[in-house]
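Asker: Questions regarding the structure given below will be posed in turn.
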4 protein chains.
Amino acid sequence: MRSDEMDRPRTFTEEARRAQIMRCAIEALAELGFSGSSLAEIARRAGVSKGVVSYYFAGKDELLGQVLFDVYARAGAAIAERIGHANDPAVVIRGYLEANLSFLAENLADIRAVVEIAANARSPDGSLRFAVPGEDPVLAHLQSLLQAGKDTGRFGEVDSRSMAVLIRGAIDTASGRLVGDPAFDLEAYTRQLVDVVDLALRPAT
Amino acid sequence: MRSDEMDRPRTFTEEARRAQIMRCAIEALAELGFSGSSLAEIARRAGVSKGVVSYYFAGKDELLGQVLFDVYARAGAAIAERIGHANDPAVVIRGYLEANLSFLAENLADIRAVVEIAANARSPDGSLRFAVPGEDPVLAHLQSLLQAGKDTGRFGEVDSRSMAVLIRGAIDTASGRLVGDPAFDLEAYTRQLVDVVDLALRPAT
Amino acid sequence: MRSDEMDRPRTFTEEARRAQIMRCAIEALAELGFSGSSLAEIARRAGVSKGVVSYYFAGKDELLGQVLFDVYARAGAAIAERIGHANDPAVVIRGYLEANLSFLAENLADIRAVVEIAANARSPDGSLRFAVPGEDPVLAHLQSLLQAGKDTGRFGEVDSRSMAVLIRGAIDTASGRLVGDPAFDLEAYTRQLVDVVDLALRPAT
Amino acid sequence: MRSDEMDRPRTFTEEARRAQIMRCAIEALAELGFSGSSLAEIARRAGVSKGVVSYYFAGKDELLGQVLFDVYARAGAAIAERIGHANDPAVVIRGYLEANLSFLAENLADIRAVVEIAANARSPDGSLRFAVPGEDPVLAHLQSLLQAGKDTGRFGEVDSRSMAVLIRGAIDTASGRLVGDPAFDLEAYTRQLVDVVDLALRPAT
DNA sequence: AATGAATGAGTATTCATTCAT
DNA sequence: GATGAATGAATACTCATTCAT
């Protein structure tokens, strides 16, 4: 998208180039971290000149933002599909956990890239560029799943907010383990997390 | 510590300057992130010229490494003191959780700085500079606390490794909430986490 | 040669820029010496921004190494051409002396630059960066020319090693005279040196 | 010598300190070259603080100039003593060569330091700081020795200027060989140089 | 549609010098 | 006499961005 032609729909080849560049950006971010992922490095991996990146993306910010958006969208779709038509809140939560952790394992580079971007990309004023101003939508979504279980009496009297934070923390930490801890057993971890959450949400007898 | 005079004990004023610079580095890291925390920015916050930072620290690496070391040491001391003389593993774990979360809340900038350093500081070869080569000692410590409870029959048959990862994730995520989520209720979160862990570790009846 | 695209053959314009920058580096080295020849100074002389130098050369080392290599190659070619098809060792030596001194006079700045680089460029560990580890090839070459004359009986019983050192010293000192001593008469010096060497090498009667 | 008390005669301890610092400067220059010989390095070798060097010398320039002067003076004295009362010009020249080369070998670090200083110390405008504006006194002295031999008919019709340059080159190159060429045989070299010069100066028969 | 070329601000680090104590 | 402390300018190098071709 050249800056002098806005709002023009992107052609197929344009989209292909953008996708290719984004893929290379993800690889660079996953392998070299945020500061190692210069436009030069990304262009090198894509086998194109630096100018190409600037040609297809308004700037580094747009590229990173697009990566962030895409991975989020794919993760959201994967999770939605997994829990889509379940009715029992306990089954929903179980599906949520399993879907999250398996997406993590199967898209490790993407997740690592997203973490790098979200934690490091900054505006000139120093603030995190991709911090959503209000409520964290990921957290809010999980919280609503938990609240639904409480409302139907299927879950006990937990603090749905705190539980949402706790669960997200337990999920997010897994990507750090998956890379760099070869002994990490994702299956065992998933089972354990599912058990712990199941226990925690079970209504008092 | 000037680099041209090694092994000399540091004078009081030297230590004071070093501490001041480290404090400013922590503030910069917490507010502006790793890439925003240039030596120039740190010097600016300390109200001194850039050269002063290089005068008291052999390089940026030493400064960041010292920050990392100091905060870790203080956190470790705080936690050790809290759980020092407890015998019941359940009490130990509860103390561990509470000590971690309260240290987090009371030293938020320090924790944020440590996270920035640990996640971003790289060696010239691209590897994380402060990654411990083998086992993560923090994780190993927590795992040993859990294992002790299992060995004495005080805890049930949980996977101590997975539980350790889960708990660390739940703790580490809190710093992200504490900054940027004004509605985050640390006390409620602590209670919830203590309850969840207590439930998870309780032996089967 | 941009550092992000290796092994690619250099285009014509690339070579031109590199040559221009090397020329400016040589001038700076000849006029201001090693320590005065910063990349900024070289860029200033080339009428480009500092970044351009880094764009065409991987670093200062590559630039200086290339200058060294180029001047050596040109000097070697000039000398080889001059003495190429001579058979009589005495004629070879005479040609060697004349070729060296005339190359010196006609490429004074280049020689001065090479001397500055060879004597001052250091590796981070403090050792001379461009010192050849073993035998000095220039000296060895001259020594072999002298030895050839001895072996054929054309020269007397001189110590070929010592004579080589002596002759190189007499040649190298001329660049210092050529700059800074306006009264220095290169032609007279060449004649004198040729005579002295001729006398010294003449077999005892 | 503090700058606020000029022309004051130096005390004994002052001279001792100056001598010590100069000795350390010579060692640093010989081992690390000009650019490696920072005031910090010199002070470190002397076991004093950087300030001390600035206290006893008006600046780096004065220190280096003093080193230059001292070594020259000692070399001149050594040579003068060796050839002092000889009458035969041939004996004088022989003594000159032997005295120069043996002083070189016995004061290698000093000579190396002098070469580093003379070749590298620059004024802000880029010109060599310690270049004597007019005639090189060392060269002029040697030339006068040669001329004396010619005038008395003891030497043949050589160009005394060219011969002086040639001989100085042959002498100066030896320090480069002495360091870095472990196989260099100074005695053989001295003999060879004496022979060559003797031959060159011998009057035509 | 893509490239090569160039810029300029920014990075950590080094160093001679100054000065109060 | 001597030191520790501080400065500010200079160093090589990196990088996102721009632009003519």
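Within each chain, counting starts at residue 1; across the structure tokens, chains are named A, B, ... in the order shown, with ligands numbered 1 upward in that order.
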Please find the residues of chain E near chain D - the criterion being any atom within 12 Å, counting only C-alpha atoms (C1' of nucleotides) - and write them as a list in words.

Answerer: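 The answer, sorted by residue number, is DT14, DC15, DA16, DT17, DT18 and DC19 of chain E.
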
Asker: Could you tell me, as number ranges by chain, which residues of segment 29-204 of chain B DSSP assigns to helix (DSSP H, G or I) when given the backbone?

Answerer: B: 29-36, 39-46, 50-56, 60-83, 89-106, 108-120, 137-151, 160-178, 186-201

Asker: Taking 2 positions as the minimum chain separation for residues in the same chain, which residues sit within 12 Å of segment 83-97 of chain D when counting only C-alpha atoms (C1' of nucleotides)? Answer as a VMD selection string.

Answerer: chain D and resid 75 to 81 99 to 104 138 141 to 156 163 to 164 167 to 172 174 186 to 187 189 to 203

Asker: Restrict the calculation to only C-alpha atoms (C1' of nucleotides), then for each residue of chain D with any atom at most 12 Å from an atom of chain F give the closest atom pair and their distance in Å to one decimal, rows by chain and rising residue number, as a tab-separated table.

Answerer:
```
residue	atom	partner	partner_atom	distance
D:Met1	CA	F:DG1	C1'	11.3
D:Arg2	CA	F:DG1	C1'	10.8
D:Thr13	CA	F:DG1	C1'	10.5
D:Glu14	CA	F:DG1	C1'	9.9
D:Arg17	CA	F:DG1	C1'	11.1
D:Val48	CA	F:DA2	C1'	8.7
D:Ser49	CA	F:DT3	C1'	6.7
D:Lys50	CA	F:DT3	C1'	8.6
D:Gly51	CA	F:DT3	C1'	7.0
D:Val52	CA	F:DA2	C1'	6.5
D:Val53	CA	F:DA2	C1'	10.2
D:Ser54	CA	F:DA2	C1'	10.8
D:Tyr55	CA	F:DA2	C1'	8.6
D:Tyr56	CA	F:DG1	C1'	10.1
```

Asker: Would you save the residues from that selection as a CSV table (one decimal), in the first residue's frame, using C-alpha atoms?

Answerer:
```csv
chain,number,residue,atom,x,y,z
D,1,MET,CA,54.6,21.4,37.5
D,2,ARG,CA,51.4,23.0,38.4
D,13,THR,CA,60.6,14.1,44.4
D,14,GLU,CA,59.0,16.0,41.5
D,17,ARG,CA,57.7,11.2,39.9
D,48,VAL,CA,48.7,6.3,40.6
D,49,SER,CA,45.5,8.1,39.8
D,50,LYS,CA,45.0,9.8,36.5
D,51,GLY,CA,45.1,13.1,38.1
D,52,VAL,CA,48.8,12.6,39.1
D,53,VAL,CA,49.8,12.6,35.5
D,54,SER,CA,48.0,15.8,34.8
D,55,TYR,CA,49.6,17.2,38.0
D,56,TYR,CA,53.2,16.6,37.0
```

Asker: List the spatial neighbours of Ser37 of chain C as number ranges by chain - criterion: any atom at most 12 Å away, only C-alpha atoms (C1' of nucleotides), same-chain residues fewer than 3 positions off excluded.

Answerer: C: 22, 24-34, 40-45, 60, 63-64, 113, 116-117, 120-121; D: 120, 122, 126; F: 11-12

Asker: To one decimal in Å, tell me the separation between atom CA of Phe130 of chain A and atom CA of Asp159 of chain A.

Answerer: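 Between atom CA of Phe130 of chain A and atom CA of Asp159 of chain A the gap is 27.8 Å.
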